[in-house]
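One file, model_36.txt, carrying compact mmCIF, C-alpha atoms and all ligand atoms:
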# COMPACT_ATOMS: atom_id res chain seq x y z
CA MET R 1 89.36 112.78 150.32
CA LEU R 2 91.45 111.93 153.44
CA GLU R 3 95.11 112.53 152.71
CA VAL R 4 97.78 111.75 155.31
CA ARG R 5 101.29 112.93 154.46
CA ASN R 6 104.50 112.23 156.32
CA LEU R 7 102.76 111.73 159.66
CA SER R 8 105.15 110.97 162.50
CA VAL R 9 104.61 110.38 166.20
CA SER R 10 107.10 110.22 169.06
CA TYR R 11 106.42 109.18 172.64
CA GLY R 12 109.32 110.87 174.37
CA LYS R 13 112.41 109.53 172.60
CA HIS R 14 110.53 106.59 171.11
CA ARG R 15 109.53 107.20 167.51
CA ALA R 16 106.38 105.09 167.08
CA LEU R 17 105.44 106.34 163.60
CA GLY R 18 108.05 107.44 161.10
CA GLY R 19 106.48 109.56 158.37
CA ALA R 20 103.45 107.58 157.20
CA SER R 21 101.51 108.63 154.09
CA LEU R 22 98.18 107.23 152.95
CA ARG R 23 94.87 108.21 151.43
CA VAL R 24 91.27 107.09 151.74
CA GLY R 25 88.73 107.92 149.05
CA LYS R 26 84.95 108.25 149.20
CA GLY R 27 83.29 104.82 149.38
CA GLU R 28 86.66 103.10 149.81
CA ILE R 29 87.78 100.66 152.52
CA VAL R 30 91.48 100.95 153.33
CA VAL R 31 93.05 98.52 155.79
CA ILE R 32 96.26 98.99 157.78
CA LEU R 33 97.90 95.68 158.60
CA GLY R 34 100.72 95.21 161.05
CA ALA R 35 101.91 93.12 163.97
CA ASN R 36 101.61 94.09 167.65
CA GLY R 37 103.40 97.34 168.37
CA ALA R 38 103.80 98.26 164.68
CA GLY R 39 102.11 101.63 165.30
CA LYS R 40 98.62 101.01 163.90
CA SER R 41 96.67 102.50 166.83
CA THR R 42 99.15 105.35 167.03
CA LEU R 43 98.49 106.19 163.37
CA LEU R 44 94.72 106.12 163.88
CA LYS R 45 94.88 108.17 167.08
CA ALA R 46 97.14 110.76 165.44
CA VAL R 47 94.65 111.12 162.56
CA CYS R 48 91.78 111.55 165.04
CA GLY R 49 93.61 114.03 167.32
CA ILE R 50 93.73 111.84 170.42
CA CYS R 51 97.36 110.72 170.38
CA GLU R 52 99.33 111.29 173.61
CA GLY R 53 102.62 111.54 171.70
CA TYR R 54 104.23 114.41 169.74
CA VAL R 55 102.58 114.46 166.30
CA ALA R 56 103.95 116.11 163.14
CA GLY R 57 102.98 116.01 159.47
CA ASP R 58 99.79 116.60 157.47
CA VAL R 59 96.30 115.21 157.85
CA GLN R 60 94.00 116.78 155.32
CA LEU R 61 90.28 116.13 154.90
CA GLU R 62 88.89 117.89 151.84
CA ASN R 63 90.70 121.21 152.28
CA ALA R 64 90.92 121.27 156.07
CA GLN R 65 94.29 120.75 157.82
CA LEU R 66 93.66 118.67 160.94
CA VAL R 67 97.01 118.08 162.65
CA GLY R 68 97.05 119.93 165.96
CA GLU R 69 93.26 120.32 166.02
CA LYS R 70 91.23 119.28 169.06
CA PRO R 71 89.44 115.90 168.72
CA HIS R 72 85.97 117.47 168.63
CA LYS R 73 87.08 119.77 165.78
CA ILE R 74 88.23 116.69 163.86
CA VAL R 75 84.82 115.10 164.42
CA GLU R 76 83.23 118.33 163.19
CA ALA R 77 85.46 118.15 160.09
CA GLY R 78 84.05 114.69 159.33
CA ILE R 79 86.22 111.93 160.88
CA ALA R 80 84.60 109.62 163.43
CA LEU R 81 86.55 107.02 165.40
CA VAL R 82 85.32 103.66 166.69
CA PRO R 83 88.00 103.08 169.35
CA GLU R 84 89.50 99.74 170.30
CA GLY R 85 87.21 98.27 172.95
CA ARG R 86 84.18 100.11 171.51
CA GLY R 87 83.66 102.65 174.32
CA VAL R 88 79.89 102.20 174.43
CA PHE R 89 77.91 103.11 177.55
CA GLY R 90 76.65 99.77 178.87
CA ASP R 91 74.00 101.23 181.17
CA LEU R 92 72.34 103.24 178.41
CA THR R 93 70.02 101.88 175.74
CA VAL R 94 70.93 101.45 172.08
CA GLU R 95 68.98 104.56 171.18
CA GLU R 96 70.62 106.63 173.94
CA ASN R 97 74.11 105.52 172.83
CA LEU R 98 73.31 106.39 169.24
CA THR R 99 71.91 109.78 170.20
CA LEU R 100 75.12 110.59 172.10
CA GLY R 101 76.93 110.19 168.78
CA ALA R 102 75.01 113.16 167.41
CA TYR R 103 76.65 115.49 169.93
CA ALA R 104 78.85 117.07 167.25
CA GLU R 105 77.54 120.40 165.95
CA ARG R 106 77.56 119.10 162.38
CA ALA R 107 75.02 116.47 163.41
CA ARG R 108 73.08 117.94 166.31
CA ASP R 109 70.33 119.59 164.29
CA GLU R 110 69.79 116.44 162.29
CA ALA R 111 69.93 113.92 165.14
CA ALA R 112 66.50 112.46 164.37
CA GLY R 113 67.27 112.17 160.63
CA ASN R 114 70.67 110.59 161.30
CA LEU R 115 69.12 108.15 163.73
CA GLN R 116 66.66 107.06 161.06
CA ARG R 117 69.52 106.68 158.57
CA VAL R 118 71.62 104.56 160.96
CA LEU R 119 68.62 102.41 161.91
CA SER R 120 67.78 101.77 158.29
CA LEU R 121 71.43 100.82 157.60
CA PHE R 122 71.44 98.50 160.61
CA PRO R 123 67.88 97.16 161.03
CA LYS R 124 69.06 95.00 163.95
CA LEU R 125 69.71 98.14 165.97
CA GLY R 126 66.19 99.31 165.19
CA GLU R 127 64.81 96.09 166.62
CA ARG R 128 66.85 96.60 169.81
CA ARG R 129 66.39 100.35 170.24
CA LYS R 130 65.26 100.12 173.88
CA GLN R 131 67.70 97.36 174.93
CA THR R 132 70.35 98.18 177.53
CA VAL R 133 73.67 97.83 175.74
CA ARG R 134 75.47 95.81 178.43
CA THR R 135 72.97 92.99 177.86
CA MET R 136 73.92 92.70 174.17
CA SER R 137 76.47 90.36 172.57
CA GLY R 138 79.96 91.62 171.66
CA GLY R 139 79.06 91.78 167.98
CA GLU R 140 75.86 93.72 168.66
CA GLN R 141 77.76 96.15 170.90
CA GLN R 142 80.30 96.66 168.12
CA MET R 143 77.42 97.50 165.79
CA VAL R 144 76.17 100.06 168.35
CA ALA R 145 79.69 101.59 168.43
CA ILE R 146 79.76 101.85 164.63
CA GLY R 147 76.22 103.24 164.54
CA ARG R 148 77.11 105.80 167.20
CA ALA R 149 80.15 106.97 165.22
CA MET R 150 77.95 107.30 162.15
CA MET R 151 75.55 109.54 164.07
CA SER R 152 78.08 112.37 163.75
CA ASN R 153 77.45 112.21 160.01
CA PRO R 154 81.11 111.57 159.14
CA SER R 155 82.67 111.27 155.72
CA ILE R 156 85.46 109.03 157.11
CA LEU R 157 84.95 106.26 159.63
CA ALA R 158 88.14 105.12 161.43
CA LEU R 159 88.01 101.78 163.25
CA ASP R 160 90.62 100.37 165.62
CA GLU R 161 90.58 96.55 165.64
CA PRO R 162 86.80 96.20 165.61
CA SER R 163 86.96 92.39 165.33
CA LEU R 164 88.97 91.98 168.54
CA GLY R 165 87.28 89.52 170.89
CA LEU R 166 84.55 88.53 168.46
CA SER R 167 83.81 84.95 167.45
CA PRO R 168 84.44 84.08 163.76
CA LEU R 169 80.69 84.23 163.09
CA LEU R 170 80.30 87.68 164.67
CA CYS R 171 83.43 88.83 162.79
CA LYS R 172 81.71 87.90 159.55
CA ASP R 173 78.63 89.97 160.53
CA LEU R 174 80.86 92.87 161.50
CA PHE R 175 82.75 92.93 158.20
CA GLU R 176 79.45 92.68 156.33
CA SER R 177 78.17 95.74 158.21
CA LEU R 178 81.30 97.65 157.11
CA ARG R 179 80.40 96.84 153.53
CA VAL R 180 77.01 98.46 154.21
CA VAL R 181 78.73 101.57 155.57
CA LYS R 182 80.94 101.74 152.46
CA GLN R 183 77.88 101.49 150.22
CA ALA R 184 76.49 104.53 152.03
CA GLY R 185 79.43 106.45 150.50
CA LEU R 186 81.73 106.75 153.53
CA GLY R 187 85.47 106.17 153.39
CA ILE R 188 86.68 103.60 155.94
CA LEU R 189 90.13 103.52 157.52
CA LEU R 190 90.41 100.16 159.21
CA VAL R 191 93.15 98.95 161.54
CA GLU R 192 93.02 95.17 161.82
CA GLN R 193 94.96 92.08 162.76
CA ASN R 194 92.36 89.87 161.11
CA ALA R 195 94.10 90.21 157.75
CA LYS R 196 92.16 87.51 155.97
CA GLN R 197 88.66 88.91 156.50
CA SER R 198 89.64 92.57 156.32
CA LEU R 199 91.40 92.10 152.95
CA ARG R 200 88.25 90.39 151.70
CA ILE R 201 86.17 93.56 152.14
CA ALA R 202 88.93 96.16 151.59
CA ASP R 203 89.78 97.98 148.36
CA ARG R 204 93.39 98.75 149.28
CA GLY R 205 95.78 98.05 152.10
CA TYR R 206 99.02 99.31 153.66
CA LEU R 207 101.55 97.23 155.58
CA LEU R 208 103.00 98.89 158.66
CA GLU R 209 106.22 97.58 160.20
CA ASN R 210 108.02 99.20 163.13
CA GLY R 211 106.24 102.51 162.51
CA ASN R 212 106.89 102.62 158.76
CA ILE R 213 104.61 101.90 155.84
CA VAL R 214 106.58 99.32 153.88
CA HIS R 215 104.08 98.38 151.18
CA GLU R 216 100.81 99.50 149.58
CA ASP R 217 98.66 97.64 147.08
CA ASP R 218 95.09 96.79 146.18
CA ALA R 219 93.51 94.33 148.58
CA GLU R 220 93.25 91.42 146.18
CA ARG R 221 96.92 91.62 145.21
CA LEU R 222 97.92 91.87 148.88
CA ALA R 223 95.85 88.80 149.73
CA ASN R 224 97.60 86.84 146.95
CA ASP R 225 101.11 88.14 147.65
CA PRO R 226 103.22 85.22 149.01
CA ALA R 227 105.16 87.54 151.36
CA VAL R 228 101.93 88.93 152.80
CA GLN R 229 100.47 85.46 153.09
CA LYS R 230 103.54 84.32 155.01
CA ALA R 231 103.59 87.34 157.34
CA TYR R 232 99.89 88.03 157.87
CA LEU R 233 97.78 85.18 156.53
CA GLY R 234 99.87 82.17 157.49
CA GLY R 235 98.42 79.54 159.80
CA SER R 236 95.03 79.31 161.37
CA GLY R 237 95.87 81.96 163.99
CA ALA R 238 95.89 84.83 161.52
CA ALA R 239 92.77 83.58 159.82
CA THR R 240 90.80 83.71 163.05
CA GLY R 241 92.15 87.08 164.09
CA ALA R 242 94.57 85.76 166.71
CA ARG R 243 97.45 88.09 167.53
CA ARG R 244 100.76 87.55 165.84
CA PRO R 245 104.00 87.63 167.82
CA ALA R 246 105.48 91.08 168.44
CA PRO R 247 108.14 92.28 165.98
CA ALA R 248 111.84 92.62 166.87
CA ALA R 249 112.51 95.32 169.44
CA THR R 250 113.08 98.83 168.06
CA PRO R 251 116.40 100.54 168.87
CA THR R 252 114.89 103.03 171.33
CA PRO R 253 112.84 101.58 174.18
CA ALA R 254 109.26 102.83 174.47
CA ILE R 255 108.56 104.98 177.50
CA PRO R 256 105.90 103.42 179.72
CA ARG R 257 102.31 104.37 178.94
CA PRO R 258 100.79 106.70 181.50
CA ALA R 259 99.20 104.66 184.30
CA THR R 260 96.26 106.99 184.72
CA GLY R 261 94.44 109.44 182.52
CA PRO R 262 91.42 111.69 182.86
CA LYS R 263 88.33 109.97 184.22
CA PRO R 264 85.32 109.49 181.90
CA ASN R 265 83.28 112.11 183.78
CA GLU R 266 86.14 114.62 183.36
CA ILE R 267 86.31 113.89 179.63
CA ALA R 268 82.52 114.33 179.34
CA ALA R 269 82.68 117.61 181.31
CA ALA R 270 85.54 118.89 179.12
CA ALA R 271 83.65 117.90 175.98
CA MET R 272 80.54 119.76 177.15
CA LYS R 273 82.63 122.81 177.97
CA SER R 274 84.42 122.76 174.62
CA VAL R 275 81.20 122.69 172.60
CA GLY R 276 79.68 125.40 174.75
CA ALA R 277 76.74 123.34 175.94
CA PRO R 278 75.25 124.36 179.28
CA ALA R 279 76.07 121.89 182.05
CA ARG R 280 72.89 120.24 183.20
CA PRO R 281 72.04 118.49 186.45
CA VAL R 282 72.06 114.72 186.30
CA PRO R 283 68.56 113.51 185.52
CA VAL R 284 66.89 111.05 187.91
CA ILE R 285 66.86 107.73 186.09
CA LYS R 286 63.34 106.33 185.93
CA PRO R 287 62.78 102.56 185.88
CA THR R 288 63.27 101.26 182.36
CA ALA R 289 60.01 100.63 180.54
CA PRO R 290 59.56 97.13 179.06
CA ALA R 291 61.10 96.85 175.59
CA PRO R 292 58.58 97.40 172.80
CA LYS R 293 57.97 94.80 170.14
CA PRO R 294 60.56 94.85 167.34
CA ALA R 295 59.74 97.28 164.54
CA PRO R 296 58.33 95.52 161.47
CA VAL R 297 60.83 95.06 158.65
CA ALA R 298 59.86 95.89 155.09
CA ASN R 299 62.00 95.18 151.99
CA GLY R 300 65.04 94.44 154.13
CA THR R 301 64.93 97.89 155.72
CA ALA R 302 63.61 98.67 159.21
CA ALA R 303 60.30 100.47 159.02
CA VAL R 304 61.43 103.39 161.18
CA GLN R 305 58.73 105.17 163.13
CA LYS R 306 58.88 108.88 163.87
CA LEU R 307 61.58 109.01 166.52
CA ASP R 308 61.36 111.06 169.63
CA THR R 309 65.13 111.46 170.22
CA PRO R 310 66.25 112.06 173.81
CA ASP R 311 67.96 115.34 174.73
CA ILE R 312 71.70 114.96 174.01
CA SER R 313 72.93 117.12 176.92
CA ASP R 314 70.84 115.06 179.33
CA LEU R 315 72.33 111.90 177.87
CA VAL R 316 75.90 113.20 178.21
CA ALA R 317 75.19 114.00 181.88
CA LYS R 318 73.65 110.56 182.37
CA ALA R 319 76.55 108.78 180.64
CA SER R 320 79.04 110.82 182.64
CA ALA R 321 77.28 109.96 185.92
CA THR R 322 77.26 106.27 184.99
CA ALA R 323 80.97 106.35 184.18
CA SER R 324 81.68 108.18 187.47
CA ARG R 325 79.80 105.56 189.47
CA ARG R 326 81.80 102.82 187.77
CA ASN R 327 85.09 104.64 188.51
CA GLY R 328 84.19 105.19 192.14
CA ALA R 329 84.00 109.00 191.74
CA THR R 330 81.36 111.05 193.53
CA PRO R 331 78.55 111.80 191.09
CA PRO R 332 77.55 115.45 190.58
CA PRO R 333 74.73 116.64 192.87
CA ARG R 334 71.23 115.98 191.69
CA ALA R 335 68.90 118.88 190.98
CA PRO R 336 66.60 119.68 193.92
CA THR R 337 63.07 118.67 193.12
CA THR R 338 59.88 120.19 194.51
CA GLN R 339 57.70 117.50 193.02
CA PRO R 340 55.94 115.00 195.30
CA ALA R 341 57.70 111.68 195.78
CA PRO R 342 57.01 109.39 192.83
CA THR R 343 54.78 106.40 193.45
CA GLN R 344 57.23 104.17 191.50
CA PRO R 345 60.69 103.98 193.11
CA THR R 346 63.51 105.59 191.07
CA ARG R 347 66.81 103.76 190.61
CA SER R 348 68.44 106.15 193.11
CA ALA R 349 65.99 104.89 195.75
CA GLN R 350 67.06 101.28 195.42
CA PRO R 351 67.79 99.49 198.72
CA ALA R 352 71.44 99.11 199.74
CA ILE R 353 71.11 95.32 199.74
CA PRO R 354 70.24 94.37 196.17
CA ASP R 355 67.06 92.45 195.55
CA PHE R 356 68.08 89.46 193.47
CA ALA R 357 64.50 88.69 192.52
CA SER R 358 65.13 88.94 188.80
CA SER R 359 67.82 87.35 186.68
CA SER R 360 68.77 90.78 185.27
CA ASP R 361 69.60 91.93 188.84
CA ARG R 362 71.81 88.88 189.32
CA LEU R 363 73.44 89.45 185.97
CA ARG R 364 74.06 93.15 186.73
CA SER R 365 75.58 92.26 190.11
CA MET R 366 77.85 89.66 188.52
CA ILE R 367 78.99 92.12 185.86
CA GLU R 368 79.76 94.71 188.54
CA ASP R 369 81.82 92.14 190.47
CA ILE R 370 83.75 91.25 187.31
CA GLU R 371 84.40 94.93 186.55
CA ALA R 372 85.59 95.53 190.12
CA ALA R 373 87.95 92.54 189.84
CA ALA R 374 89.25 93.85 186.50
CA ARG R 375 89.93 97.27 188.06
CA ARG R 376 91.82 95.63 190.94
CA ALA R 377 93.83 93.60 188.44
CA GLU R 378 94.75 96.76 186.50
CA THR R 379 96.24 98.42 189.57
CA TYR R 380 97.78 95.23 190.99
CA LYS R 381 101.51 95.50 191.70
CA PRO R 382 103.29 92.29 192.71
CA ARG R 383 105.35 92.49 195.90
CA ARG R 384 109.06 92.17 195.40
P1 LIG Z 401 98.67 96.55 168.92
O1 LIG Z 401 98.20 95.80 167.71
O2 LIG Z 401 99.34 95.66 169.91
O3 LIG Z 401 97.60 97.42 169.53
P2 LIG Z 401 99.81 98.77 167.48
O4 LIG Z 401 100.34 98.42 166.15
O5 LIG Z 401 98.47 99.40 167.52
O6 LIG Z 401 99.84 97.50 168.42
P3 LIG Z 401 100.68 101.05 169.01
O7 LIG Z 401 99.73 100.84 170.14
O8 LIG Z 401 100.42 102.13 168.07
O9 LIG Z 401 100.88 99.69 168.18
O10 LIG Z 401 102.11 101.21 169.65
C1 LIG Z 401 103.27 101.50 168.86
C2 LIG Z 401 104.46 101.71 169.79
O11 LIG Z 401 104.29 102.90 170.54
C3 LIG Z 401 104.64 100.60 170.81
O12 LIG Z 401 106.02 100.40 170.97
C4 LIG Z 401 104.01 101.15 172.07
O13 LIG Z 401 104.61 100.63 173.22
C5 LIG Z 401 104.29 102.64 171.93
N1 LIG Z 401 103.22 103.44 172.56
C6 LIG Z 401 101.93 103.47 172.20
N2 LIG Z 401 101.24 104.34 172.96
C7 LIG Z 401 102.15 104.87 173.83
C8 LIG Z 401 102.05 105.83 174.90
N3 LIG Z 401 100.92 106.44 175.20
N4 LIG Z 401 103.19 106.13 175.56
C9 LIG Z 401 104.35 105.52 175.26
N5 LIG Z 401 104.51 104.62 174.27
C10 LIG Z 401 103.41 104.29 173.56
Hey, can you dump this file as structure tokens for me?
Amino acid sequence: MLEVRNLSVSYGKHRALGGASLRVGKGEIVVILGANGAGKSTLLKAVCGICEGYVAGDVQLENAQLVGEKPHKIVEAGIALVPEGRGVFGDLTVEENLTLGAYAERARDEAAGNLQRVLSLFPKLGERRKQTVRTMSGGEQQMVAIGRAMMSNPSILALDEPSLGLSPLLCKDLFESLRVVKQAGLGILLVEQNAKQSLRIADRGYLLENGNIVHEDDAERLANDPAVQKAYLGGSGAATGARRPAPAATPTPAIPRPATGPKPNEIAAAAMKSVGAPARPVPVIKPTAPAPKPAPVANGTAAVQKLDTPDISDLVAKASATASRRNGATPPPRAPTTQPAPTQPTRSAQPAIPDFASSSDRLRSMIEDIEAAARRAETYKPRR
């Protein structure tokens, strides 16, 4: 179904991927194992059309040739990526994040149906539909990221190190949820350093070393192969997903990664432009209503009510504005309103000095401080 042939990637003079070939069938989990810097993310990004390097070779899904296509065209063709670090919108609810995933044309008309499908695959998300994502655990957020990717109705789900940063217990839940996705008939291309657990759920695996696929076999044989055990399953570190030491340096040094890229609001604006959706003014965010009681569960499946899905363009604008605020950019102007002032204050009318009356306010403020510190750390340059 997905056929990758002789795919190579160069970043300047550094060849990060040297002619990789692999395939992923319907309802099959295929894992790519490799040490730090082996080229795993590069391979996944090249397949999904978001690689910064020079890409050559063939990526074929059904009969469509995808190398050189824009990322949104690749999503339209049926490949959805869950990026490393998840990329969920913390200020939006579970349902809003999921609905954003239906932005692709192939899924837009069936957003409500897809939402029901995702919620019945992951009943936990149904129970948390109205929860703000930043208040969820890492494992739950990862489930939101997977659910959101599935909202584009893909035939291939590509995941970049989804277990990174999760506790062993949450890892177990995560890998179980990938089994559920596989049972729904999707092909899964999984990049992982947690070799032990990923080989347990995978059908086949490829070993990537210094940008080259050096071995392919079915997952069970790989797990029992003494060489694989020594390289990828040895010691408690590998079993818990800890990173292995980097491989020997390649002959050509890698050029430094670009320090800055487009801002999230620019990416959202470009995405809206590329799919021809009319730009909309940023909606005024109303105070969040209290979360409803969890939906009743019947026969292990969430009893999904008729869903009133939010407007996707509004959500993109809202997500973009949230990202802009977090990046310190000026948000787009709000639409003038002729309506009388609301009796309930909107979030935009919050006082400059935060009211720490509730624990969620304190939590939000702490998270913002941590994010600000992380941004400072990213741009920190030591004095010589
Ligand atoms: P990790 O497990 O640490 O994420 P990986 O196997 O995913 O590693 P890649 O991120 O694909 O490895 O990187 C492969 C090589 O390409 C590395 O040497 C890396 O430094 C280089 N590289 C990756 N992205 C870029 C970039 N944008 N510009 C320059 N070099 C890059």
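Among the candidates R:Glu52, R:Asp203, R:Asp217, R:Glu176, the one nearest to ligand LIG 401 (chain Z) when counting all atoms listed in the file is R:Glu52.
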Long-range neighbours of range 219-221 of chain R as a compact mmCIF listing (two decimals) with C-alpha atoms, keeping the file's coordinate frame, 12 Å cut-off, only C-alpha atoms, 4 positions minimum in chain:
# COMPACT_ATOMS: atom_id res chain seq x y z
CA GLU R 28 86.66 103.10 149.81
CA ILE R 29 87.78 100.66 152.52
CA VAL R 30 91.48 100.95 153.33
CA VAL R 31 93.05 98.52 155.79
CA ILE R 32 96.26 98.99 157.78
CA LEU R 33 97.90 95.68 158.60
CA ALA R 195 94.10 90.21 157.75
CA LYS R 196 92.16 87.51 155.97
CA GLN R 197 88.66 88.91 156.50
CA SER R 198 89.64 92.57 156.32
CA LEU R 199 91.40 92.10 152.95
CA ARG R 200 88.25 90.39 151.70
CA ILE R 201 86.17 93.56 152.14
CA ALA R 202 88.93 96.16 151.59
CA ASP R 203 89.78 97.98 148.36
CA ARG R 204 93.39 98.75 149.28
CA GLY R 205 95.78 98.05 152.10
CA TYR R 206 99.02 99.31 153.66
CA LEU R 207 101.55 97.23 155.58
CA HIS R 215 104.08 98.38 151.18
CA ASP R 225 101.11 88.14 147.65
CA PRO R 226 103.22 85.22 149.01
CA ALA R 227 105.16 87.54 151.36
CA VAL R 228 101.93 88.93 152.80
CA GLN R 229 100.47 85.46 153.09
> At what distance in Å, to one decimal, does CA of Met150 in chain R lie from CA of Glu110 in chain R?
Replying inline: 12.3 Å
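Here CA of Leu17 in chain R and CA of Gly39 in chain R stand 6.0 Å from one another.
Using only C-alpha atoms and all ligand atoms for every distance, the candidate list R:Leu159, R:Ala377, R:Met143, R:Ala319 yields R:Leu159 as the residue closest to ligand LIG 401 (chain Z).
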>> Residues within 12 Å of Glu96 in chain R, please, as a VMD selection string. Count only C-alpha atoms; anything in the same chain fewer than 3 positions from it doesn't count.
In response: chain R and resid 88 to 93 99 to 103 111 to 112 115 125 128 to 133 144 to 145 147 to 148 151 307 to 319
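For the pair CA of Lys13 in chain R and CA of Glu209 in chain R, the interatomic distance is 18.3 Å.
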> Within 9 Å of (94.2, 113.5, 168.5), in the coordinates the file gives, what residues turn up when you count all atoms listed in the file, written out as number ranges by chain?
Replying inline: R: 44-52, 55, 67-71, 74
> Between R:Leu61, R:Ala16, R:Leu121, R:Ala321, which is the closest to Gln183 in chain R once you count all atoms listed in the file?
Replying inline: R:Leu121
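For the choices R:Glu140, R:Asp109, R:Glu161, R:Glu216, the atom-to-atom distance to ligand LIG 401 (chain Z) is smallest for R:Glu161 when using all atoms listed in the file.
If only C-alpha atoms and all ligand atoms are the atoms counted, then among R:Met136, R:Ala38, R:Ile370, R:Val118 the closest residue to ligand LIG 401 (chain Z) is R:Ala38.
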>> From the options R:Leu157, R:Leu43, R:Leu222, R:Ala184, which residue's atoms come nearest to ligand LIG 401 (chain Z), counting all atoms listed in the file?
In response: R:Leu43
Please report, as AutoDock Vina command-line options, the centre and edge lengths in Å to one decimal of an axis-aligned box covering all listed atoms of range 21-30 of chain R with 4 Å per side.
--center_x 92.4 --center_y 104.6 --center_z 151.6 --size_x 26.2 --size_y 16.0 --size_z 13.0
> Asp58 in chain R: which residues within 8 Å, counting only C-alpha atoms, same-chain residues fewer than 5 positions away excluded, as a PyMOL selection string?
Replying inline: chain R and resi 3-7+65-67
>> So that I can see what lies close to Ile156 in chain R, please list as number ranges by chain the residues with an atom at most 7 Å from it, counting all atoms listed in the file and leaving out residues fewer than 5 positions away in the same chain.
In response: R: 78-80, 186-188
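Neighbouring residues of Gly185 in chain R at 9 Å or closer, counting all atoms listed in the file and skipping chain neighbours under 6 positions away, are Lys26, Gly27, Glu28 and Ser155 of chain R.
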Using the selection just defined, write its residues with C-alpha atoms as a compact mmCIF listing (two decimals), in the coordinates of the input.
# COMPACT_ATOMS: atom_id res chain seq x y z
CA LYS R 26 84.95 108.25 149.20
CA GLY R 27 83.29 104.82 149.38
CA GLU R 28 86.66 103.10 149.81
CA SER R 155 82.67 111.27 155.72
